[in-house]
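Chemist: Structure provided below as structure tokens; questions to follow.
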Amino acid sequence: MDTASRDIKLICLPRWGRVAEDPGVVPWLVFDEEGRAVEPIRRFMVDFVARDNRPGSVRSYSFDLLRWWRWLRVVQVEWDRATSAEVRDFVLWLRVTTKPRTSARTDSAATAGTTNTITKKPYLDDLYKPRTIRHSNAVLRSFYEFWIESGSGPLVNPVPLARSARRRPHAHHNPLDPYGGEGRLRYNPKVPWRRPRQMPDTRWNELFAALRSNRDRAILPHGRTPSTGRPRHARLHRRRTTASAGRGRTQAPRLISCMPAATHWSPPHTGSA
């Protein structure tokens, strides 16, 4: 399929292949319609497992590669002939399409894509989130890096890095030093800033009042956060320990209140009575 003639919104991926458990070395594999393991993915997964990755990561990578294989079948491009144009269109498709579902939503249909008014927790909808797309790009780049190193894949990784307006990657690099990070991927979407989850004071009071056991009240002290035990309006910012010049003492972790003009200092623990 010509890249100029692709209508991204009209593309629908087929229900080709599946991800299933395997009794071999790789706990999860991608199988085709005839029940055979997809060989390029299997060989990559063997190396992935050898690098001590968890079974959950193997399963996640397998689903991302299965989705990529379905995309390649639709656009009629072999996996070792893919270019950055296929990755670009794939990312655009992920941003506008809806996730496939085995059954329609029932109780969650009314809350999908909304935010809980009490806890401020967002409910998932049927769209692919930026973090999912970024993870997919990272999986594809790792997959093609493996095949480029083995000499059997494409000459250029189809998941390119972002263009740098200042200089080329690794310019003036000392050959005696290891290579550092190369920068972010070109087609990675930006992750929106997520507001901290919170509960109103009235809800905390209702929760504490509903506790009928002293044991439960001890776990959740009134007026304090369950995780730290500090007042809800306060946050503990740990900074690097620094010496106070001329005073012979160190600066302790600083407790900064969210209330205006309220700063508290926790005294350092000296170990003496």
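Following the order of the structure tokens, first chain is A, next is B, and so on, with residues numbered from 1 inside each chain and ligands from 1 in the order they appear.
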Skip Leu127 of chain A itself and residues of its chain fewer than 4 positions away, then list as an MDAnalysis selection string all residues within 12 Å of it, counting only C-alpha atoms.

Modeler: chainID A and resid 93:101 112:113 123 131:133

Chemist: Hey, can you spit out that residue selection with all heavy atoms as a CSV table (one decimal), in the first residue's frame?

Modeler:
chain,number,residue,atom,x,y,z
A,93,TRP,N,-2.5,6.3,13.6
A,93,TRP,CA,-3.7,5.4,13.7
A,93,TRP,C,-4.0,5.1,15.2
A,93,TRP,O,-5.2,5.1,15.6
A,93,TRP,CB,-3.4,4.1,13.0
A,93,TRP,CG,-4.5,3.1,13.1
A,93,TRP,CD1,-5.6,3.1,12.3
A,93,TRP,CD2,-4.6,2.0,14.0
A,93,TRP,NE1,-6.5,2.1,12.7
A,93,TRP,CE2,-5.8,1.4,13.7
A,93,TRP,CE3,-3.8,1.5,15.0
A,93,TRP,CZ2,-6.3,0.2,14.4
A,93,TRP,CZ3,-4.2,0.4,15.7
A,93,TRP,CH2,-5.4,-0.2,15.4
A,94,LEU,N,-3.0,4.9,16.0
A,94,LEU,CA,-3.2,4.6,17.5
A,94,LEU,C,-3.9,5.8,18.1
A,94,LEU,O,-4.6,5.6,19.1
A,94,LEU,CB,-1.9,4.3,18.1
A,94,LEU,CG,-1.3,2.9,17.8
A,94,LEU,CD1,0.1,2.7,18.5
A,94,LEU,CD2,-2.2,1.8,18.3
A,95,ARG,N,-3.6,7.0,17.7
A,95,ARG,CA,-4.1,8.2,18.3
A,95,ARG,C,-5.6,8.5,18.0
A,95,ARG,O,-6.2,9.2,18.7
A,95,ARG,CB,-3.3,9.4,17.9
A,95,ARG,CG,-1.8,9.3,18.4
A,95,ARG,CD,-1.0,10.5,17.9
A,95,ARG,NE,-1.5,11.8,18.4
A,95,ARG,CZ,-0.9,12.9,18.2
A,95,ARG,NH1,0.2,13.0,17.4
A,95,ARG,NH2,-1.3,14.1,18.7
A,96,VAL,N,-6.1,7.9,16.9
A,96,VAL,CA,-7.5,8.2,16.5
A,96,VAL,C,-8.4,7.0,16.6
A,96,VAL,O,-9.6,7.1,16.6
A,96,VAL,CB,-7.5,8.7,15.1
A,96,VAL,CG1,-6.7,10.0,14.9
A,96,VAL,CG2,-7.0,7.7,14.1
A,97,THR,N,-7.8,5.8,16.7
A,97,THR,CA,-8.7,4.6,16.8
A,97,THR,C,-9.1,4.2,18.2
A,97,THR,O,-8.6,4.8,19.2
A,97,THR,CB,-7.9,3.4,16.1
A,97,THR,OG1,-8.8,2.3,15.9
A,97,THR,CG2,-6.8,2.9,17.1
A,98,THR,N,-10.0,3.3,18.3
A,98,THR,CA,-10.5,2.8,19.6
A,98,THR,C,-10.0,1.4,19.8
A,98,THR,O,-9.8,0.7,18.9
A,98,THR,CB,-12.0,2.8,19.7
A,98,THR,OG1,-12.6,2.0,18.6
A,98,THR,CG2,-12.6,4.3,19.6
A,99,LYS,N,-9.8,1.1,21.0
A,99,LYS,CA,-9.2,-0.2,21.4
A,99,LYS,C,-10.3,-1.3,21.1
A,99,LYS,O,-11.5,-1.1,21.4
A,99,LYS,CB,-8.8,-0.3,22.8
A,99,LYS,CG,-7.6,0.6,23.1
A,99,LYS,CD,-7.2,0.5,24.6
A,99,LYS,CE,-8.2,1.2,25.5
A,99,LYS,NZ,-7.7,1.3,26.9
A,100,PRO,N,-9.9,-2.4,20.6
A,100,PRO,CA,-10.9,-3.5,20.3
A,100,PRO,C,-11.3,-4.1,21.7
A,100,PRO,O,-10.5,-4.3,22.6
A,100,PRO,CB,-10.1,-4.5,19.5
A,100,PRO,CG,-8.7,-4.3,19.8
A,100,PRO,CD,-8.6,-2.8,20.1
A,101,ARG,N,-12.6,-4.5,21.7
A,101,ARG,CA,-13.2,-5.0,22.9
A,101,ARG,C,-13.9,-6.3,22.6
A,101,ARG,O,-14.5,-6.4,21.5
A,101,ARG,CB,-14.2,-4.1,23.6
A,101,ARG,CG,-13.6,-2.8,24.1
A,101,ARG,CD,-14.6,-1.9,24.8
A,101,ARG,NE,-15.2,-2.6,25.9
A,101,ARG,CZ,-14.6,-2.6,27.1
A,101,ARG,NH1,-13.6,-1.8,27.4
A,101,ARG,NH2,-15.2,-3.2,28.1
A,112,ALA,N,-16.9,6.0,31.5
A,112,ALA,CA,-15.7,5.9,30.7
A,112,ALA,C,-15.2,7.3,30.2
A,112,ALA,O,-16.0,8.1,29.7
A,112,ALA,CB,-16.0,5.0,29.5
A,113,GLY,N,-14.0,7.6,30.4
A,113,GLY,CA,-13.4,8.9,30.0
A,113,GLY,C,-13.7,10.0,30.9
A,113,GLY,O,-13.2,11.1,30.6
A,123,TYR,N,-11.2,7.7,34.9
A,123,TYR,CA,-11.6,6.4,34.4
A,123,TYR,C,-11.1,6.2,32.9
A,123,TYR,O,-11.2,7.1,32.1
A,123,TYR,CB,-13.2,6.3,34.4
A,123,TYR,CG,-13.7,6.3,35.8
A,123,TYR,CD1,-14.4,7.4,36.3
A,123,TYR,CD2,-13.6,5.2,36.7
A,123,TYR,CE1,-15.0,7.5,37.5
A,123,TYR,CE2,-14.1,5.3,37.9
A,123,TYR,CZ,-14.8,6.4,38.4
A,123,TYR,OH,-15.4,6.4,39.6
A,131,ARG,N,0.9,7.1,27.0
A,131,ARG,CA,1.9,6.2,27.6
A,131,ARG,C,1.9,4.9,26.9
A,131,ARG,O,2.9,4.2,26.7
A,131,ARG,CB,1.6,6.0,29.1
A,131,ARG,CG,1.9,7.2,29.9
A,131,ARG,CD,1.7,7.0,31.4
A,131,ARG,NE,1.8,8.2,32.2
A,131,ARG,CZ,2.9,8.7,32.7
A,131,ARG,NH1,4.0,8.1,32.4
A,131,ARG,NH2,2.9,9.8,33.4
A,132,THR,N,0.7,4.4,26.4
A,132,THR,CA,0.6,3.2,25.7
A,132,THR,C,1.4,3.3,24.3
A,132,THR,O,2.1,2.4,23.9
A,132,THR,CB,-0.8,2.8,25.4
A,132,THR,OG1,-1.5,2.7,26.7
A,132,THR,CG2,-1.0,1.5,24.7
A,133,ILE,N,1.2,4.4,23.7
A,133,ILE,CA,1.9,4.7,22.4
A,133,ILE,C,3.4,4.7,22.6
A,133,ILE,O,4.2,4.2,21.8
A,133,ILE,CB,1.3,5.9,21.7
A,133,ILE,CG1,-0.2,5.8,21.5
A,133,ILE,CG2,2.0,6.2,20.4
A,133,ILE,CD1,-0.9,7.0,20.9

Chemist: Residues near Pro130 of chain A, anyone? I mean within 10 Å using only C-alpha atoms, not counting same-chain ones fewer than 4 positions away, as a PyMOL selection string.

Modeler: chain A and resi 91+94-95+134-136+188-192

Chemist: I need the residues from that last selection saved to file as a PDB file, in the first residue's frame (with N, CA and C atoms), if you can.

Modeler:
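Okay, this is what ended up in part_11.pdb:
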ATOM      1  N   VAL A  91       1.521   5.279  14.483  1.00  0.00           N
ATOM      2  CA  VAL A  91       1.294   6.149  15.641  1.00  0.00           C
ATOM      3  C   VAL A  91       0.060   7.020  15.421  1.00  0.00           C
ATOM      4  N   LEU A  94      -2.972   4.873  16.027  1.00  0.00           N
ATOM      5  CA  LEU A  94      -3.210   4.615  17.450  1.00  0.00           C
ATOM      6  C   LEU A  94      -3.855   5.807  18.144  1.00  0.00           C
ATOM      7  N   ARG A  95      -3.578   7.007  17.665  1.00  0.00           N
ATOM      8  CA  ARG A  95      -4.109   8.206  18.312  1.00  0.00           C
ATOM      9  C   ARG A  95      -5.575   8.465  17.985  1.00  0.00           C
ATOM     10  N   ARG A 134       3.804   5.413  23.609  1.00  0.00           N
ATOM     11  CA  ARG A 134       5.246   5.518  23.882  1.00  0.00           C
ATOM     12  C   ARG A 134       5.840   4.139  24.172  1.00  0.00           C
ATOM     13  N   HIS A 135       5.107   3.319  24.918  1.00  0.00           N
ATOM     14  CA  HIS A 135       5.584   1.963  25.201  1.00  0.00           C
ATOM     15  C   HIS A 135       5.665   1.145  23.918  1.00  0.00           C
ATOM     16  N   SER A 136       4.689   1.300  23.039  1.00  0.00           N
ATOM     17  CA  SER A 136       4.710   0.594  21.766  1.00  0.00           C
ATOM     18  C   SER A 136       5.916   1.008  20.931  1.00  0.00           C
ATOM     19  N   ASN A 188       7.055   9.956  19.612  1.00  0.00           N
ATOM     20  CA  ASN A 188       6.492   9.782  20.953  1.00  0.00           C
ATOM     21  C   ASN A 188       5.561  10.941  21.291  1.00  0.00           C
ATOM     22  N   PRO A 189       4.318  10.669  21.632  1.00  0.00           N
ATOM     23  CA  PRO A 189       3.435  11.771  22.040  1.00  0.00           C
ATOM     24  C   PRO A 189       3.803  12.283  23.421  1.00  0.00           C
ATOM     25  N   LYS A 190       3.449  13.515  23.686  1.00  0.00           N
ATOM     26  CA  LYS A 190       3.712  14.097  24.995  1.00  0.00           C
ATOM     27  C   LYS A 190       2.707  13.571  26.010  1.00  0.00           C
ATOM     28  N   VAL A 191       3.215  13.280  27.201  1.00  0.00           N
ATOM     29  CA  VAL A 191       2.355  12.785  28.274  1.00  0.00           C
ATOM     30  C   VAL A 191       1.785  13.982  29.023  1.00  0.00           C
ATOM     31  N   PRO A 192       0.470  14.126  29.093  1.00  0.00           N
ATOM     32  CA  PRO A 192      -0.100  15.278  29.797  1.00  0.00           C
ATOM     33  C   PRO A 192       0.174  15.216  31.284  1.00  0.00           C
TER      34      PRO A 192
END

Chemist: If you run DSSP on this backbone, which residues of segment 20-195 of chain A come out as alpha helix (DSSP H), and could you give them as a ChimeraX atom specification?

Modeler: /A:39-50,55-75,84-96,130-150

Chemist: Keeping only C-alpha atoms, write the selected residues as a compact mmCIF listing (two decimals), in the first residue's frame.

Modeler:
# COMPACT_ATOMS: atom_id res chain seq x y z
CA GLU A 39 9.83 -16.74 14.16
CA PRO A 40 11.22 -13.15 14.16
CA ILE A 41 9.32 -12.36 17.35
CA ARG A 42 10.30 -15.68 18.96
CA ARG A 43 14.01 -15.12 18.36
CA PHE A 44 13.78 -11.60 19.77
CA MET A 45 11.91 -12.88 22.82
CA VAL A 46 14.59 -15.50 23.51
CA ASP A 47 17.15 -12.71 23.77
CA PHE A 48 14.67 -10.60 25.79
CA VAL A 49 14.16 -13.38 28.34
CA ALA A 50 17.92 -14.01 28.53
CA PRO A 55 7.16 -12.75 32.38
CA GLY A 56 4.82 -9.76 32.65
CA SER A 57 7.15 -7.72 30.45
CA VAL A 58 7.38 -10.61 27.95
CA ARG A 59 3.59 -10.71 27.72
CA SER A 60 3.34 -6.93 27.30
CA TYR A 61 5.99 -6.91 24.54
CA SER A 62 4.21 -9.79 22.79
CA PHE A 63 0.91 -7.90 22.59
CA ASP A 64 2.66 -4.80 21.21
CA LEU A 65 4.44 -6.84 18.55
CA LEU A 66 1.22 -8.67 17.64
CA ARG A 67 -0.49 -5.34 17.05
CA TRP A 68 2.47 -4.23 14.89
CA TRP A 69 2.30 -7.47 12.87
CA ARG A 70 -1.40 -6.91 12.22
CA TRP A 71 -0.65 -3.39 11.06
CA LEU A 72 2.01 -4.63 8.64
CA ARG A 73 -0.46 -7.11 7.16
CA VAL A 74 -2.96 -4.33 6.48
CA VAL A 75 -0.44 -1.98 4.85
CA SER A 84 9.72 5.32 9.46
CA ALA A 85 6.66 6.07 7.28
CA GLU A 86 4.95 2.90 8.54
CA VAL A 87 5.79 3.77 12.15
CA ARG A 88 4.54 7.33 11.67
CA ASP A 89 1.21 6.17 10.23
CA PHE A 90 0.94 3.51 12.92
CA VAL A 91 1.29 6.15 15.64
CA LEU A 92 -1.30 8.35 13.93
CA TRP A 93 -3.66 5.39 13.74
CA LEU A 94 -3.21 4.61 17.45
CA ARG A 95 -4.11 8.21 18.31
CA VAL A 96 -7.46 8.17 16.50
CA PRO A 130 0.07 8.51 25.23
CA ARG A 131 1.91 6.19 27.61
CA THR A 132 0.64 3.17 25.67
CA ILE A 133 1.86 4.65 22.38
CA ARG A 134 5.25 5.52 23.88
CA HIS A 135 5.58 1.96 25.20
CA SER A 136 4.71 0.59 21.77
CA ASN A 137 7.39 2.75 20.13
CA ALA A 138 9.97 1.61 22.68
CA VAL A 139 9.11 -2.05 22.02
CA LEU A 140 9.41 -1.64 18.26
CA ARG A 141 12.73 0.19 18.49
CA SER A 142 14.13 -2.51 20.80
CA PHE A 143 12.88 -5.22 18.43
CA TYR A 144 14.54 -3.68 15.38
CA GLU A 145 17.74 -2.89 17.29
CA PHE A 146 18.06 -6.59 18.01
CA TRP A 147 17.73 -7.52 14.35
CA ILE A 148 20.03 -4.74 13.15
CA GLU A 149 22.74 -5.97 15.54
CA SER A 150 22.29 -9.53 14.27

Chemist: Of the candidates A:Arg81, A:Arg6, A:Arg51, A:Arg197, which shows the shortest atom-to-atom distance to Pro122 of chain A, using only C-alpha atoms?

Modeler: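 The answer is A:Arg197, which sits nearest to Pro122 of chain A.
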
Chemist: Which value, in Å to one decimal, gives the distance between atom CA of Ala20 of chain A and atom CA of Ala37 of chain A?

Modeler: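 Atom-to-atom, atom CA of Ala20 of chain A and atom CA of Ala37 of chain A are spaced 9.7 Å apart.
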
Chemist: Per DSSP on the backbone, what are the strand (DSSP E or B) residues of segment 12-237 of chain A, as a list in words?

Modeler: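 The strand (DSSP E or B) residues within segment 12-237 of chain A come out as Arg18, Val19, Ala20, Glu21, Trp28, Leu29, Val30, Phe31, Ala37, Thr98, Thr115, Pro122, Leu127, Leu161, Leu185, Arg224, Pro231, Ala234, Arg235, Leu236 and His237 of chain A.
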
Chemist: Only N, CA, C and O atoms, please: the residues just picked out, written as a PDB file, in the first residue's frame.

Modeler:
ATOM      1  N   ARG A  18      -2.486 -14.501  17.751  1.00  0.00           N
ATOM      2  CA  ARG A  18      -2.842 -14.437  19.162  1.00  0.00           C
ATOM      3  C   ARG A  18      -1.581 -14.512  20.000  1.00  0.00           C
ATOM      4  O   ARG A  18      -0.527 -14.965  19.538  1.00  0.00           O
ATOM      5  N   VAL A  19      -1.697 -14.072  21.237  1.00  0.00           N
ATOM      6  CA  VAL A  19      -0.631 -14.206  22.234  1.00  0.00           C
ATOM      7  C   VAL A  19      -1.061 -15.273  23.224  1.00  0.00           C
ATOM      8  O   VAL A  19      -2.167 -15.206  23.782  1.00  0.00           O
ATOM      9  N   ALA A  20      -0.215 -16.261  23.425  1.00  0.00           N
ATOM     10  CA  ALA A  20      -0.555 -17.376  24.309  1.00  0.00           C
ATOM     11  C   ALA A  20       0.686 -17.821  25.063  1.00  0.00           C
ATOM     12  O   ALA A  20       1.822 -17.540  24.664  1.00  0.00           O
ATOM     13  N   GLU A  21       0.450 -18.523  26.163  1.00  0.00           N
ATOM     14  CA  GLU A  21       1.545 -19.066  26.965  1.00  0.00           C
ATOM     15  C   GLU A  21       2.218 -20.216  26.218  1.00  0.00           C
ATOM     16  O   GLU A  21       1.595 -20.916  25.414  1.00  0.00           O
ATOM     17  N   TRP A  28       5.670 -16.370  27.012  1.00  0.00           N
ATOM     18  CA  TRP A  28       4.592 -15.883  26.141  1.00  0.00           C
ATOM     19  C   TRP A  28       5.150 -15.706  24.730  1.00  0.00           C
ATOM     20  O   TRP A  28       6.250 -15.181  24.552  1.00  0.00           O
ATOM     21  N   LEU A  29       4.363 -16.143  23.740  1.00  0.00           N
ATOM     22  CA  LEU A  29       4.777 -16.035  22.355  1.00  0.00           C
ATOM     23  C   LEU A  29       3.606 -15.558  21.493  1.00  0.00           C
ATOM     24  O   LEU A  29       2.440 -15.649  21.889  1.00  0.00           O
ATOM     25  N   VAL A  30       3.936 -15.075  20.310  1.00  0.00           N
ATOM     26  CA  VAL A  30       2.936 -14.666  19.325  1.00  0.00           C
ATOM     27  C   VAL A  30       2.799 -15.795  18.313  1.00  0.00           C
ATOM     28  O   VAL A  30       3.798 -16.228  17.715  1.00  0.00           O
ATOM     29  N   PHE A  31       1.581 -16.277  18.123  1.00  0.00           N
ATOM     30  CA  PHE A  31       1.291 -17.374  17.201  1.00  0.00           C
ATOM     31  C   PHE A  31       0.450 -16.853  16.039  1.00  0.00           C
ATOM     32  O   PHE A  31      -0.400 -15.968  16.216  1.00  0.00           O
ATOM     33  N   ALA A  37       4.538 -20.353  16.026  1.00  0.00           N
ATOM     34  CA  ALA A  37       5.133 -19.148  16.600  1.00  0.00           C
ATOM     35  C   ALA A  37       5.738 -18.296  15.490  1.00  0.00           C
ATOM     36  O   ALA A  37       6.390 -18.820  14.576  1.00  0.00           O
ATOM     37  N   THR A  98     -10.036   3.325  18.287  1.00  0.00           N
ATOM     38  CA  THR A  98     -10.489   2.840  19.592  1.00  0.00           C
ATOM     39  C   THR A  98      -9.970   1.426  19.808  1.00  0.00           C
ATOM     40  O   THR A  98      -9.781   0.660  18.855  1.00  0.00           O
ATOM     41  N   THR A 115     -13.835  11.646  35.157  1.00  0.00           N
ATOM     42  CA  THR A 115     -12.999  11.694  36.354  1.00  0.00           C
ATOM     43  C   THR A 115     -13.870  11.562  37.588  1.00  0.00           C
ATOM     44  O   THR A 115     -14.929  12.194  37.679  1.00  0.00           O
ATOM     45  N   PRO A 122      -9.026   9.393  37.124  1.00  0.00           N
ATOM     46  CA  PRO A 122      -9.654   9.315  35.800  1.00  0.00           C
ATOM     47  C   PRO A 122     -10.027   7.880  35.451  1.00  0.00           C
ATOM     48  O   PRO A 122      -9.274   6.935  35.721  1.00  0.00           O
ATOM     49  N   LEU A 127      -9.748   4.722  24.146  1.00  0.00           N
ATOM     50  CA  LEU A 127      -8.688   5.255  23.308  1.00  0.00           C
ATOM     51  C   LEU A 127      -7.324   4.833  23.847  1.00  0.00           C
ATOM     52  O   LEU A 127      -7.179   4.552  25.042  1.00  0.00           O
ATOM     53  N   LEU A 161      14.914   8.465  16.092  1.00  0.00           N
ATOM     54  CA  LEU A 161      15.003   9.398  17.205  1.00  0.00           C
ATOM     55  C   LEU A 161      14.547  10.775  16.747  1.00  0.00           C
ATOM     56  O   LEU A 161      14.472  11.068  15.551  1.00  0.00           O
ATOM     57  N   LEU A 185      12.280   9.398  21.292  1.00  0.00           N
ATOM     58  CA  LEU A 185      11.872   8.926  19.980  1.00  0.00           C
ATOM     59  C   LEU A 185      11.066  10.005  19.268  1.00  0.00           C
ATOM     60  O   LEU A 185      10.345  10.786  19.893  1.00  0.00           O
ATOM     61  N   ARG A 224      -4.578  12.818  59.334  1.00  0.00           N
ATOM     62  CA  ARG A 224      -3.273  12.585  58.744  1.00  0.00           C
ATOM     63  C   ARG A 224      -3.402  11.625  57.578  1.00  0.00           C
ATOM     64  O   ARG A 224      -4.343  10.848  57.493  1.00  0.00           O
ATOM     65  N   PRO A 231       0.302  15.507  58.620  1.00  0.00           N
ATOM     66  CA  PRO A 231      -0.909  16.248  58.286  1.00  0.00           C
ATOM     67  C   PRO A 231      -1.147  16.272  56.789  1.00  0.00           C
ATOM     68  O   PRO A 231      -0.221  16.282  55.984  1.00  0.00           O
ATOM     69  N   ALA A 234       0.526  18.898  54.535  1.00  0.00           N
ATOM     70  CA  ALA A 234       1.982  19.016  54.577  1.00  0.00           C
ATOM     71  C   ALA A 234       2.622  17.994  53.661  1.00  0.00           C
ATOM     72  O   ALA A 234       2.099  16.912  53.436  1.00  0.00           O
ATOM     73  N   ARG A 235       3.763  18.335  53.136  1.00  0.00           N
ATOM     74  CA  ARG A 235       4.558  17.439  52.314  1.00  0.00           C
ATOM     75  C   ARG A 235       6.002  17.478  52.802  1.00  0.00           C
ATOM     76  O   ARG A 235       6.500  18.501  53.220  1.00  0.00           O
ATOM     77  N   LEU A 236       6.644  16.331  52.703  1.00  0.00           N
ATOM     78  CA  LEU A 236       8.032  16.233  53.128  1.00  0.00           C
ATOM     79  C   LEU A 236       8.931  16.215  51.900  1.00  0.00           C
ATOM     80  O   LEU A 236       8.848  15.323  51.075  1.00  0.00           O
ATOM     81  N   HIS A 237       9.747  17.221  51.744  1.00  0.00           N
ATOM     82  CA  HIS A 237      10.689  17.313  50.644  1.00  0.00           C
ATOM     83  C   HIS A 237      12.080  16.976  51.176  1.00  0.00           C
ATOM     84  O   HIS A 237      12.627  17.699  52.015  1.00  0.00           O
TER      85      HIS A 237
END

Chemist: Using only C-alpha atoms for the distances, tell me which of A:Trp79, A:Tyr187, A:Tyr179, A:Tyr128 is nearest to Ser152 of chain A.

Modeler: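 The answer is A:Trp79, which sits nearest to Ser152 of chain A.
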